[in-house]
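> The file below is start15.cif, mmCIF, C-alpha atoms:
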data_input
#
loop_
_atom_site.label_atom_id
_atom_site.label_comp_id
_atom_site.auth_asym_id
_atom_site.auth_seq_id
_atom_site.Cartn_x
_atom_site.Cartn_y
_atom_site.Cartn_z
CA MET A 1 -23.54 52.68 -59.67
CA MET A 2 -20.45 54.75 -60.50
CA LEU A 3 -19.61 54.96 -56.82
CA TRP A 4 -19.68 51.18 -56.44
CA ILE A 5 -17.52 50.68 -59.55
CA THR A 6 -14.99 53.24 -58.29
CA LEU A 7 -14.85 51.53 -54.88
CA LYS A 8 -14.33 48.12 -56.55
CA VAL A 9 -11.47 49.50 -58.61
CA ALA A 10 -9.93 51.08 -55.51
CA LEU A 11 -10.22 47.84 -53.52
CA ARG A 12 -8.73 45.82 -56.41
CA SER A 13 -5.81 48.24 -56.58
CA LEU A 14 -5.15 47.95 -52.84
CA TRP A 15 -5.43 44.17 -52.95
CA SER A 16 -2.97 43.89 -55.82
CA ASN A 17 -0.35 45.63 -53.65
CA ARG A 18 -1.27 44.05 -50.33
CA LEU A 19 2.09 44.33 -48.57
CA ARG A 20 2.58 47.94 -49.56
CA SER A 21 -0.98 48.79 -48.51
CA VAL A 22 -0.52 47.13 -45.11
CA LEU A 23 2.76 48.96 -44.52
CA ALA A 24 1.07 52.23 -45.45
CA MET A 25 -1.82 51.49 -43.07
CA LEU A 26 0.53 50.57 -40.24
CA GLY A 27 1.01 54.19 -39.19
CA ILE A 28 -2.77 54.70 -39.07
CA ILE A 29 -3.25 51.45 -37.14
CA ILE A 30 -0.67 52.46 -34.55
CA GLY A 31 -2.03 56.00 -34.31
CA VAL A 32 -5.67 55.01 -33.88
CA SER A 33 -4.85 52.22 -31.43
CA ALA A 34 -2.77 54.72 -29.43
CA VAL A 35 -5.71 57.15 -29.35
CA ILE A 36 -8.14 54.43 -28.20
CA PHE A 37 -5.72 52.98 -25.66
CA VAL A 38 -4.59 56.28 -24.12
CA LEU A 39 -8.09 57.78 -23.96
CA SER A 40 -9.44 54.57 -22.40
CA LEU A 41 -6.78 54.74 -19.66
CA VAL A 42 -7.56 58.42 -19.06
CA ALA A 43 -11.29 57.66 -18.86
CA GLY A 44 -10.62 54.77 -16.50
CA ALA A 45 -8.40 56.92 -14.29
CA HIS A 46 -11.09 59.60 -14.20
CA THR A 47 -13.71 57.05 -13.20
CA GLN A 48 -11.47 55.75 -10.41
CA MET A 49 -10.73 59.27 -9.22
CA MET A 50 -14.40 60.25 -9.15
CA SER A 51 -15.35 57.06 -7.32
CA ARG A 52 -12.65 57.67 -4.73
CA ILE A 53 -13.84 61.23 -4.15
CA THR A 54 -17.49 60.19 -3.86
CA ALA A 55 -16.47 57.28 -1.60
CA MET A 56 -15.21 59.87 0.89
CA GLY A 57 -18.83 60.81 1.51
CA THR A 58 -21.56 62.93 -0.03
CA ASN A 59 -22.22 66.65 0.45
CA LEU A 60 -18.88 66.78 2.25
CA LEU A 61 -16.90 69.70 3.69
CA VAL A 62 -13.56 69.08 5.38
CA VAL A 63 -12.09 71.68 7.70
CA THR A 64 -8.35 71.32 8.37
CA PRO A 65 -5.81 73.48 10.24
CA GLY A 66 -3.79 75.97 8.23
CA GLN A 67 -0.04 75.90 7.71
CA ARG A 68 2.26 77.48 10.26
CA GLY A 69 5.13 79.71 9.16
CA THR A 70 6.32 83.20 8.25
CA GLY A 71 7.76 84.82 5.17
CA GLY A 72 6.44 82.10 2.90
CA VAL A 73 8.34 79.36 4.76
CA MET A 74 5.94 76.77 6.18
CA SER A 75 7.12 74.92 9.27
CA GLY A 76 4.15 72.66 9.95
CA THR A 77 0.45 72.47 10.64
CA GLN A 78 -1.16 74.77 13.15
CA GLN A 79 -2.79 73.31 16.25
CA ASN A 80 -5.99 75.31 16.48
CA LEU A 81 -9.07 73.18 15.71
CA THR A 82 -10.89 72.09 18.86
CA VAL A 83 -13.80 69.88 19.78
CA GLU A 84 -15.66 73.07 20.68
CA ASP A 85 -15.20 74.27 17.10
CA ALA A 86 -16.80 71.06 15.86
CA LEU A 87 -19.73 71.46 18.27
CA ALA A 88 -20.21 75.07 17.16
CA LEU A 89 -20.16 74.13 13.47
CA ARG A 90 -22.71 71.41 14.12
CA GLN A 91 -25.20 74.12 15.13
CA LEU A 92 -25.18 75.77 11.71
CA PRO A 93 -28.62 75.33 10.10
CA MET A 94 -27.26 73.87 6.85
CA VAL A 95 -25.15 71.24 8.63
CA ASN A 96 -26.62 67.75 8.75
CA ASP A 97 -23.78 66.10 10.69
CA ALA A 98 -20.40 67.08 12.08
CA ALA A 99 -17.56 64.86 13.27
CA PRO A 100 -14.33 65.79 15.06
CA VAL A 101 -11.40 63.74 13.77
CA VAL A 102 -7.92 63.00 15.09
CA ARG A 103 -5.49 60.72 13.28
CA GLY A 104 -2.32 58.86 13.94
CA GLY A 105 -0.53 55.65 13.16
CA GLY A 106 0.72 52.72 15.15
CA GLN A 107 0.95 49.00 15.64
CA VAL A 108 -2.21 47.06 16.41
CA LYS A 109 -1.71 43.60 17.92
CA TYR A 110 -3.73 40.48 18.50
CA LEU A 111 -1.86 37.62 20.19
CA ALA A 112 1.17 36.96 17.97
CA ASN A 113 -0.21 38.93 15.02
CA ASN A 114 0.48 42.61 14.51
CA SER A 115 -0.07 45.14 11.76
CA SER A 116 0.86 48.76 11.15
CA THR A 117 -2.34 50.68 10.58
CA SER A 118 -4.04 54.07 10.71
CA ILE A 119 -5.72 55.13 13.94
CA VAL A 120 -8.77 57.40 13.67
CA GLY A 121 -10.46 58.95 16.67
CA THR A 122 -13.89 60.37 15.93
CA SER A 123 -17.57 60.39 16.85
CA VAL A 124 -20.32 58.08 15.66
CA THR A 125 -21.45 60.68 13.08
CA TYR A 126 -18.21 60.10 11.16
CA PHE A 127 -19.49 56.81 9.76
CA ALA A 128 -22.55 58.40 8.15
CA ILE A 129 -20.60 61.41 6.86
CA ARG A 130 -17.95 59.22 5.25
CA ASP A 131 -20.53 56.68 4.06
CA PHE A 132 -19.13 53.69 5.97
CA GLN A 133 -21.30 50.60 6.27
CA ILE A 134 -21.00 48.01 9.01
CA ALA A 135 -20.44 44.40 7.90
CA LYS A 136 -20.31 42.70 11.32
CA GLY A 137 -21.09 43.82 14.84
CA ARG A 138 -22.07 47.42 15.57
CA LEU A 139 -20.74 50.97 15.63
CA PHE A 140 -19.84 52.69 18.86
CA GLN A 141 -22.34 55.20 20.27
CA ASP A 142 -22.26 58.67 21.83
CA GLN A 143 -22.20 57.16 25.33
CA ASP A 144 -19.02 55.29 24.38
CA CYS A 145 -17.39 58.65 23.65
CA ASP A 146 -18.74 60.20 26.87
CA SER A 147 -17.59 57.30 29.05
CA LEU A 148 -14.18 56.89 27.30
CA SER A 149 -15.02 53.31 26.39
CA ARG A 150 -12.13 51.37 24.88
CA VAL A 151 -14.02 49.99 21.91
CA ALA A 152 -12.93 49.84 18.28
CA VAL A 153 -14.39 49.43 14.82
CA ILE A 154 -11.84 48.08 12.35
CA GLY A 155 -11.59 47.87 8.59
CA PRO A 156 -11.85 44.54 6.73
CA THR A 157 -8.16 44.56 5.76
CA THR A 158 -7.13 45.13 9.37
CA ALA A 159 -9.44 42.32 10.45
CA GLU A 160 -7.92 39.95 7.90
CA ASN A 161 -4.36 40.90 8.88
CA LEU A 162 -5.04 40.21 12.56
CA PHE A 163 -7.65 37.47 12.59
CA GLY A 164 -7.50 35.82 9.17
CA GLN A 165 -10.82 34.11 8.55
CA ASP A 166 -11.81 34.14 12.24
CA ASP A 167 -14.52 36.44 13.57
CA ALA A 168 -12.99 39.67 14.90
CA VAL A 169 -16.06 40.91 16.79
CA GLY A 170 -15.63 40.54 20.54
CA GLN A 171 -11.87 40.01 20.40
CA VAL A 172 -9.44 42.22 22.33
CA ILE A 173 -6.65 43.99 20.45
CA LYS A 174 -3.77 46.12 21.70
CA LEU A 175 -3.44 49.60 20.28
CA ARG A 176 -0.23 51.29 21.35
CA GLY A 177 -0.20 48.98 24.34
CA ILE A 178 -3.82 49.69 25.36
CA ASN A 179 -6.53 47.02 25.19
CA PHE A 180 -9.54 47.68 22.98
CA ARG A 181 -12.49 45.42 22.32
CA VAL A 182 -13.50 45.06 18.67
CA ILE A 183 -17.23 45.72 18.40
CA GLY A 184 -17.57 45.99 14.63
CA VAL A 185 -15.97 45.38 11.22
CA LEU A 186 -16.63 47.78 8.35
CA ALA A 187 -17.74 46.80 4.86
CA ALA A 188 -14.99 47.09 2.23
CA LYS A 189 -14.68 50.33 0.27
CA GLY A 190 -11.48 49.64 -1.65
CA ASP A 191 -7.98 51.12 -1.51
CA GLN A 192 -8.10 54.81 -2.46
CA GLY A 193 -4.41 55.16 -3.18
CA TRP A 194 -3.34 57.86 -0.73
CA ILE A 195 -5.34 56.28 2.08
CA ASN A 196 -6.86 52.85 2.55
CA PRO A 197 -10.20 53.07 4.41
CA ASP A 198 -10.21 49.28 4.71
CA ASP A 199 -7.04 49.30 6.82
CA GLN A 200 -7.73 51.41 9.89
CA VAL A 201 -8.90 51.28 13.48
CA ILE A 202 -11.63 53.75 14.44
CA ILE A 203 -12.10 54.54 18.14
CA PRO A 204 -13.98 57.21 20.14
CA TYR A 205 -12.22 60.56 19.80
CA THR A 206 -12.19 61.12 23.57
CA VAL A 207 -10.15 57.98 24.17
CA ALA A 208 -7.92 58.73 21.16
CA MET A 209 -7.11 62.26 22.33
CA LYS A 210 -6.60 61.53 26.04
CA GLN A 211 -5.14 58.03 26.11
CA VAL A 212 -3.88 56.86 22.72
CA LEU A 213 -2.60 59.82 20.69
CA GLY A 214 -2.21 62.34 23.51
CA VAL A 215 -3.36 65.39 21.51
CA ASP A 216 -5.49 68.40 22.42
CA PHE A 217 -6.37 69.56 18.93
CA LEU A 218 -8.20 68.00 15.99
CA ARG A 219 -6.68 66.94 12.69
CA GLU A 220 -9.89 67.82 10.86
CA ILE A 221 -13.61 68.45 11.20
CA ASP A 222 -15.89 66.66 8.73
CA LEU A 223 -19.21 68.26 7.87
CA ARG A 224 -22.11 67.01 5.79
CA ALA A 225 -24.44 69.57 4.26
CA MET A 226 -28.18 69.11 4.09
CA GLN A 227 -28.07 69.42 0.29
CA GLU A 228 -25.30 69.42 -2.30
CA SER A 229 -26.49 72.78 -3.64
CA GLN A 230 -25.72 74.34 -0.25
CA LEU A 231 -22.03 73.40 -0.17
CA THR A 232 -20.69 76.75 -1.39
CA GLN A 233 -22.97 78.75 0.89
CA LEU A 234 -22.17 76.50 3.85
CA GLN A 235 -18.45 76.87 3.13
CA GLU A 236 -18.80 80.64 3.51
CA GLN A 237 -20.73 80.26 6.77
CA VAL A 238 -18.12 77.86 8.17
CA THR A 239 -15.35 80.30 7.25
CA GLN A 240 -17.14 83.22 8.92
CA LEU A 241 -17.90 81.26 12.10
CA LEU A 242 -14.35 79.92 12.50
CA ARG A 243 -12.82 83.35 11.86
CA LYS A 244 -15.02 84.71 14.62
CA ARG A 245 -14.15 81.85 17.00
CA HIS A 246 -10.43 82.16 16.23
CA ARG A 247 -10.61 85.95 16.59
CA LEU A 248 -9.38 86.71 13.11
CA THR A 249 -10.23 90.25 12.10
CA GLY A 250 -9.74 92.51 9.13
CA GLU A 251 -7.08 91.35 6.68
CA MET A 252 -5.77 88.56 8.91
CA ALA A 253 -5.39 85.34 6.95
CA ASN A 254 -7.38 82.24 7.83
CA ASP A 255 -5.59 79.82 10.12
CA PHE A 256 -7.64 76.96 8.68
CA SER A 257 -8.81 75.73 5.30
CA VAL A 258 -12.20 74.46 4.14
CA ARG A 259 -12.29 71.94 1.29
CA ASN A 260 -15.49 71.60 -0.66
CA GLN A 261 -16.24 68.21 -2.22
CA ALA A 262 -17.77 69.96 -5.22
CA ASP A 263 -14.46 71.80 -5.72
CA MET A 264 -12.61 68.48 -5.59
CA LEU A 265 -14.95 67.03 -8.23
CA ASP A 266 -14.47 70.10 -10.45
CA MET A 267 -10.71 69.80 -10.00
CA ALA A 268 -10.87 66.15 -11.03
CA ASP A 269 -12.88 67.08 -14.15
CA THR A 270 -10.40 69.81 -15.06
CA PHE A 271 -7.48 67.44 -14.60
CA ASN A 272 -9.23 64.85 -16.76
CA ARG A 273 -9.86 67.33 -19.58
CA THR A 274 -6.25 68.49 -19.52
CA LEU A 275 -4.94 64.93 -19.51
CA THR A 276 -7.31 63.98 -22.34
CA LEU A 277 -6.11 66.85 -24.53
CA LEU A 278 -2.48 66.07 -23.76
CA ALA A 279 -2.84 62.34 -24.37
CA GLY A 280 -4.95 62.88 -27.49
CA GLY A 281 -2.38 65.32 -28.88
CA ILE A 282 0.49 62.90 -28.33
CA ALA A 283 -1.45 60.05 -29.92
CA GLY A 284 -2.49 62.36 -32.78
CA ILE A 285 1.16 62.74 -33.76
CA SER A 286 1.17 59.05 -34.66
CA LEU A 287 -1.81 59.64 -36.94
CA LEU A 288 0.01 62.53 -38.57
CA VAL A 289 3.01 60.32 -39.26
CA GLY A 290 0.67 57.64 -40.63
CA GLY A 291 -0.96 60.19 -42.93
CA ILE A 292 2.42 61.22 -44.32
CA GLY A 293 3.11 57.54 -45.01
CA ILE A 294 -0.16 57.21 -46.92
CA MET A 295 0.62 60.30 -49.00
CA ASN A 296 4.04 58.93 -49.82
CA ILE A 297 2.60 55.59 -50.94
CA MET A 298 -0.12 57.29 -52.98
CA LEU A 299 2.45 59.46 -54.80
CA VAL A 300 4.37 56.31 -55.70
CA THR A 301 1.13 54.66 -56.83
CA VAL A 302 0.24 57.63 -59.06
CA THR A 303 3.69 57.50 -60.68
CA GLU A 304 3.45 53.74 -61.28
CA ARG A 305 -0.01 54.03 -62.83
CA THR A 306 0.70 56.97 -65.10
CA ARG A 307 -0.03 55.01 -68.30
CA GLU A 308 -3.25 53.68 -66.75
CA ILE A 309 -4.32 57.25 -66.03
CA GLY A 310 -3.54 58.22 -69.62
CA VAL A 311 -5.61 55.31 -70.98
CA ARG A 312 -8.57 56.19 -68.73
CA LYS A 313 -8.50 59.80 -69.84
CA ALA A 314 -8.16 58.75 -73.47
CA VAL A 315 -11.36 56.69 -73.26
CA GLY A 316 -13.33 59.53 -71.70
CA ALA A 317 -12.56 59.61 -67.94
CA LYS A 318 -12.79 63.14 -66.59
CA ASN A 319 -10.45 64.79 -64.11
CA ARG A 320 -12.97 64.41 -61.31
CA ASP A 321 -13.24 60.65 -62.03
CA ILE A 322 -9.47 60.21 -61.66
CA LEU A 323 -9.47 62.43 -58.56
CA ARG A 324 -12.30 60.42 -57.00
CA GLN A 325 -10.65 57.07 -57.73
CA PHE A 326 -7.33 57.88 -56.07
CA LEU A 327 -8.98 59.76 -53.21
CA TYR A 328 -11.17 56.73 -52.51
CA GLU A 329 -8.08 54.55 -52.40
CA ALA A 330 -6.48 56.82 -49.80
CA VAL A 331 -9.64 57.01 -47.71
CA LEU A 332 -10.17 53.24 -47.90
CA MET A 333 -6.58 52.67 -46.82
CA SER A 334 -6.90 55.00 -43.82
CA GLY A 335 -10.42 53.78 -43.02
CA ILE A 336 -9.42 50.11 -42.92
CA GLY A 337 -6.36 51.09 -40.90
CA GLY A 338 -8.65 53.00 -38.53
CA LEU A 339 -10.90 49.97 -38.01
CA LEU A 340 -7.93 47.71 -37.32
CA GLY A 341 -6.52 50.38 -34.99
CA VAL A 342 -9.79 50.51 -33.03
CA LEU A 343 -9.76 46.74 -32.57
CA ALA A 344 -6.07 46.79 -31.58
CA GLY A 345 -6.62 49.65 -29.11
CA MET A 346 -9.62 47.97 -27.49
CA GLY A 347 -7.73 44.70 -27.21
CA LEU A 348 -4.67 46.37 -25.70
CA ALA A 349 -6.83 48.28 -23.20
CA SER A 350 -8.57 45.06 -22.18
CA VAL A 351 -5.25 43.24 -21.71
CA VAL A 352 -3.78 46.05 -19.57
CA ALA A 353 -6.95 46.29 -17.48
CA HIS A 354 -6.87 42.56 -16.72
CA ALA A 355 -3.11 42.35 -16.17
CA THR A 356 -2.74 45.41 -13.92
CA SER A 357 -4.70 47.40 -11.35
CA LEU A 358 -5.35 50.12 -13.93
CA GLN A 359 -8.92 50.62 -15.08
CA ALA A 360 -9.59 51.13 -18.80
CA SER A 361 -12.87 52.40 -20.17
CA VAL A 362 -13.32 52.46 -23.96
CA SER A 363 -15.95 55.06 -24.83
CA LEU A 364 -17.93 55.54 -28.01
CA PHE A 365 -16.43 59.03 -28.23
CA SER A 366 -12.87 57.68 -28.44
CA ILE A 367 -13.90 55.15 -31.13
CA LEU A 368 -15.63 57.81 -33.23
CA LEU A 369 -12.70 60.17 -32.67
CA GLY A 370 -10.21 57.56 -33.89
CA LEU A 371 -12.28 56.63 -36.95
CA GLY A 372 -13.06 60.25 -37.79
CA PHE A 373 -9.45 61.30 -37.44
CA SER A 374 -8.24 58.42 -39.61
CA SER A 375 -10.77 59.25 -42.33
CA ALA A 376 -9.80 62.92 -42.18
CA VAL A 377 -6.14 61.93 -42.50
CA GLY A 378 -7.01 59.88 -45.60
CA VAL A 379 -8.81 62.81 -47.22
CA PHE A 380 -6.18 65.37 -46.27
CA PHE A 381 -3.09 63.41 -47.25
CA GLY A 382 -4.74 61.66 -50.18
CA PHE A 383 -6.01 64.80 -51.88
CA TYR A 384 -2.66 66.01 -53.20
CA PRO A 385 -1.68 62.70 -54.90
CA ALA A 386 -5.23 62.38 -56.28
CA SER A 387 -5.25 65.93 -57.64
CA ARG A 388 -1.81 65.35 -59.16
CA ALA A 389 -3.15 62.31 -60.96
CA ALA A 390 -6.23 64.22 -62.14
CA ARG A 391 -4.12 67.06 -63.61
CA MET A 392 -1.99 64.77 -65.77
CA ASP A 393 -1.97 65.44 -69.47
CA PRO A 394 -3.32 62.31 -71.17
CA ILE A 395 -0.81 62.48 -74.06
CA GLU A 396 2.17 62.80 -71.73
CA ALA A 397 0.73 60.04 -69.56
CA LEU A 398 0.44 57.65 -72.53
CA ARG A 399 4.06 58.31 -73.45
CA TYR A 400 5.25 57.45 -69.95
CA GLU A 401 7.38 54.30 -69.75
#
Translate this structure into structure tokens?


Amino acid sequence: MMLWITLKVALRSLWSNRLRSVLAMLGIIIGVSAVIFVLSLVAGAHTQMMSRITAMGTNLLVVTPGQRGTGGVMSGTQQNLTVEDALALRQLPMVNDAAPVVRGGGQVKYLANNSSTSIVGTSVTYFAIRDFQIAKGRLFQDQDCDSLSRVAVIGPTTAENLFGQDDAVGQVIKLRGINFRVIGVLAAKGDQGWINPDDQVIIPYTVAMKQVLGVDFLREIDLRAMQESQLTQLQEQVTQLLRKRHRLTGEMANDFSVRNQADMLDMADTFNRTLTLLAGGIAGISLLVGGIGIMNIMLVTVTERTREIGVRKAVGAKNRDILRQFLYEAVLMSGIGGLLGVLAGMGLASVVAHATSLQASVSLFSILLGLGFSSAVGVFFGFYPASRAARMDPIEALRYE
């Protein structure tokens, strides 16, 4: 019963000074909304990053050439990965699929339409490794690679750029002046920022190396492990086999690199944690400023209500009753500000997510963090003014004008 009476008195006091209470809560509102908004953007960015990594394929290892240079000065990428390396890696017992990959760029044309796009030369296993699905037509086969068939599978963005709403399957396109027949269109995967898998032309690696790109070495070798738990072990086996094939002995450095998808996921998690701490710390400064504002207002309130404190003590109120009353006022002020801040942060995150390409994800953790922090600010910064009120001498308080 006493708790309810104390809360009513605290609410009545806040309501009687509405403007001052709102101004005091403004710092908490801004701080909490900043916490919710920033953490929602970080969570959304993490979700996008994880989806982009997993969209690259599952159980994935990517072997790329090492950097060329001496004395710490890198002058380019080494040319040392061969189709034979890819065939040898495919024989490892933990390897499910392997795909040699060459890449380049160029203009692709269809009648009067042309588009600058990415050219990928690879084998049919690439589609399964990278988790590509076919939307129309078919994929090319091993015999297309063996016979140097000029066939192409294109991304949905490339198809739209060249053909609009018309069917691309069966049409002939020019790739660096060479005719290719479109046999399939991939299902959309979405722009991944650094590379757009929806805007590319994929052709047999034999044709790409000998006729289109004119290269003898691979840009990368994509491997898919049998199981995700085998990625680290398979990475070691790949390293050992390639060192043997490239005749690297003793302390000689690797002339290639092997990227593990699990390592990329761990890196993304580490980056997310660091960004969350940084963003939360910056937003927490706003809460600190808001807490100082509440303490300032509460000190003014205690001074204004000195005679009231004296009267309460004179009629039997104890120090803990006065302390509880003013502490409740501070906590209520910060708590209401926290609730308004949560609503403002969620609304701002929703507006930004709809107005831009950024993804915002408001989590229960961020809401509880904002509310908990605001309540803690109310207790911490409200305790000193409340204790000051509780320690007042009732006689001196009654004399106060």

> Would you compute the distance between atom CA of Ser116 of chain A and atom CA of Asn179 of chain A? Give it in Å to one decimal.

16.0 Å

> From the list A:Ile178, A:Ile221, A:Ala253, A:Val258, which residue is nearest Tyr205 of chain A when using only C-alpha atoms?

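Looking only at the distances to Tyr205 of chain A, the closest residue turns out to be A:Ile221.
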
> Translate the PyMOL selection byres ((chain A and resi 227) around 12), as applied to the file shown, into an explicit residue set as a PyMOL selection string.

chain A and resi 58-61+93-97+223-226+228-234+262

> Counting only C-alpha atoms, which of A:Leu348, A:Ile36, A:Leu81, A:Leu41 gets nearest to Gly66 of chain A?

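Of A:Leu348, A:Ile36, A:Leu81, A:Leu41, the one nearest Gly66 of chain A is A:Leu81, counting only C-alpha atoms.
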
> Enumerate, as a PyMOL selection string, the residues matched when the PyMOL selection byres ((chain A and resi 161-166) around 12) is run on the file above.

chain A and resi 107-117+154-160+167-174+182+185+198-201

> I'd like to know which of A:Ser21, A:Ser387, A:Thr301, A:Asn80 is closest to Ile336 of chain A, using all atoms listed in the file.

A:Ser21

> Rank A:Leu148, A:Val377, A:Ala355, A:Val289 by their smallest atom-to-atom distance to Ala208 of chain A, using only C-alpha atoms, and report the top residue only.

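The closest residue to Ala208 of chain A is A:Leu148.
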
> Suppose you want the space between atom CA of Gln143 of chain A and atom CA of Val62 of chain A; what is it in Å?

24.8 Å

> Quick one: apply the PyMOL selection byres ((chain A and resi 124-132) around 9) to the file and drop the selected residues here as JSON, numbers by chain.

{"A": [55, 56, 57, 58, 59, 60, 96, 97, 98, 99, 100, 101, 122, 123, 133, 134, 139, 140, 141, 142, 145, 186, 187, 188, 189, 204, 222, 223, 224]}

> Out of A:Arg181, A:Arg90, A:Arg320, A:Arg176, which residue has the shortest atom-to-atom distance to Arg138 of chain A when counting only C-alpha atoms?

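With only C-alpha atoms as the atom set, the closest residue is A:Arg181.
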
> Name the closest residue to Val331 of chain A among the candidates A:Val212, A:Gly291, A:Gly310, A:Val207; distances are taken between atoms, counting all atoms listed in the file.

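Of A:Val212, A:Gly291, A:Gly310, A:Val207, the one nearest Val331 of chain A is A:Gly291, counting all atoms listed in the file.
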
> Hey, what's within 10 Å of Ala349 of chain A if we count all atoms listed in the file and toss same-chain stuff fewer than 4 positions away? As a PyMOL selection string, please?

chain A and resi 33-34+36-41+343-345+353-355+358-362

> Have a look at atom CA of Arg219 of chain A and atom CA of Ala135 of chain A and let me know their distance in Å, one decimal.

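So the two atoms, atom CA of Arg219 of chain A and atom CA of Ala135 of chain A, lie 26.8 Å apart.
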
> Please produce segment 164-178 of chain A, completed to N, CA and C atoms, as a short mmCIF file (atom, residue, chain, number, x, y, z; two decimals), keeping the file's coordinate frame.


data_model
loop_
_atom_site.label_atom_id
_atom_site.label_comp_id
_atom_site.auth_asym_id
_atom_site.auth_seq_id
_atom_site.Cartn_x
_atom_site.Cartn_y
_atom_site.Cartn_z
N GLY A 164 -7.31 36.76 10.27
CA GLY A 164 -7.50 35.82 9.17
C GLY A 164 -8.97 35.64 8.86
N GLN A 165 -9.42 34.39 8.84
CA GLN A 165 -10.82 34.11 8.55
C GLN A 165 -11.68 34.02 9.81
N ASP A 166 -11.06 34.21 10.98
CA ASP A 166 -11.81 34.14 12.24
C ASP A 166 -12.63 35.41 12.44
N ASP A 167 -13.66 35.30 13.27
CA ASP A 167 -14.52 36.44 13.57
C ASP A 167 -13.78 37.40 14.51
N ALA A 168 -13.72 38.68 14.10
CA ALA A 168 -12.99 39.67 14.90
C ALA A 168 -13.85 40.28 16.00
N VAL A 169 -15.17 40.24 15.83
CA VAL A 169 -16.06 40.91 16.79
C VAL A 169 -15.96 40.23 18.15
N GLY A 170 -15.73 41.04 19.18
CA GLY A 170 -15.63 40.54 20.54
C GLY A 170 -14.22 40.25 20.99
N GLN A 171 -13.26 40.27 20.06
CA GLN A 171 -11.87 40.01 20.40
C GLN A 171 -11.22 41.28 20.97
N VAL A 172 -10.15 41.10 21.73
CA VAL A 172 -9.44 42.22 22.33
C VAL A 172 -8.12 42.41 21.60
N ILE A 173 -7.89 43.64 21.15
CA ILE A 173 -6.65 43.99 20.45
C ILE A 173 -5.89 45.01 21.29
N LYS A 174 -4.60 45.13 21.03
CA LYS A 174 -3.77 46.12 21.70
C LYS A 174 -3.42 47.22 20.71
N LEU A 175 -3.72 48.44 21.11
CA LEU A 175 -3.44 49.60 20.28
C LEU A 175 -2.52 50.52 21.07
N ARG A 176 -1.26 50.56 20.62
CA ARG A 176 -0.23 51.29 21.35
C ARG A 176 -0.18 50.86 22.82
N GLY A 177 -0.30 49.55 23.01
CA GLY A 177 -0.20 48.98 24.34
C GLY A 177 -1.46 49.04 25.17
N ILE A 178 -2.55 49.56 24.63
CA ILE A 178 -3.82 49.69 25.36
C ILE A 178 -4.82 48.71 24.78
#
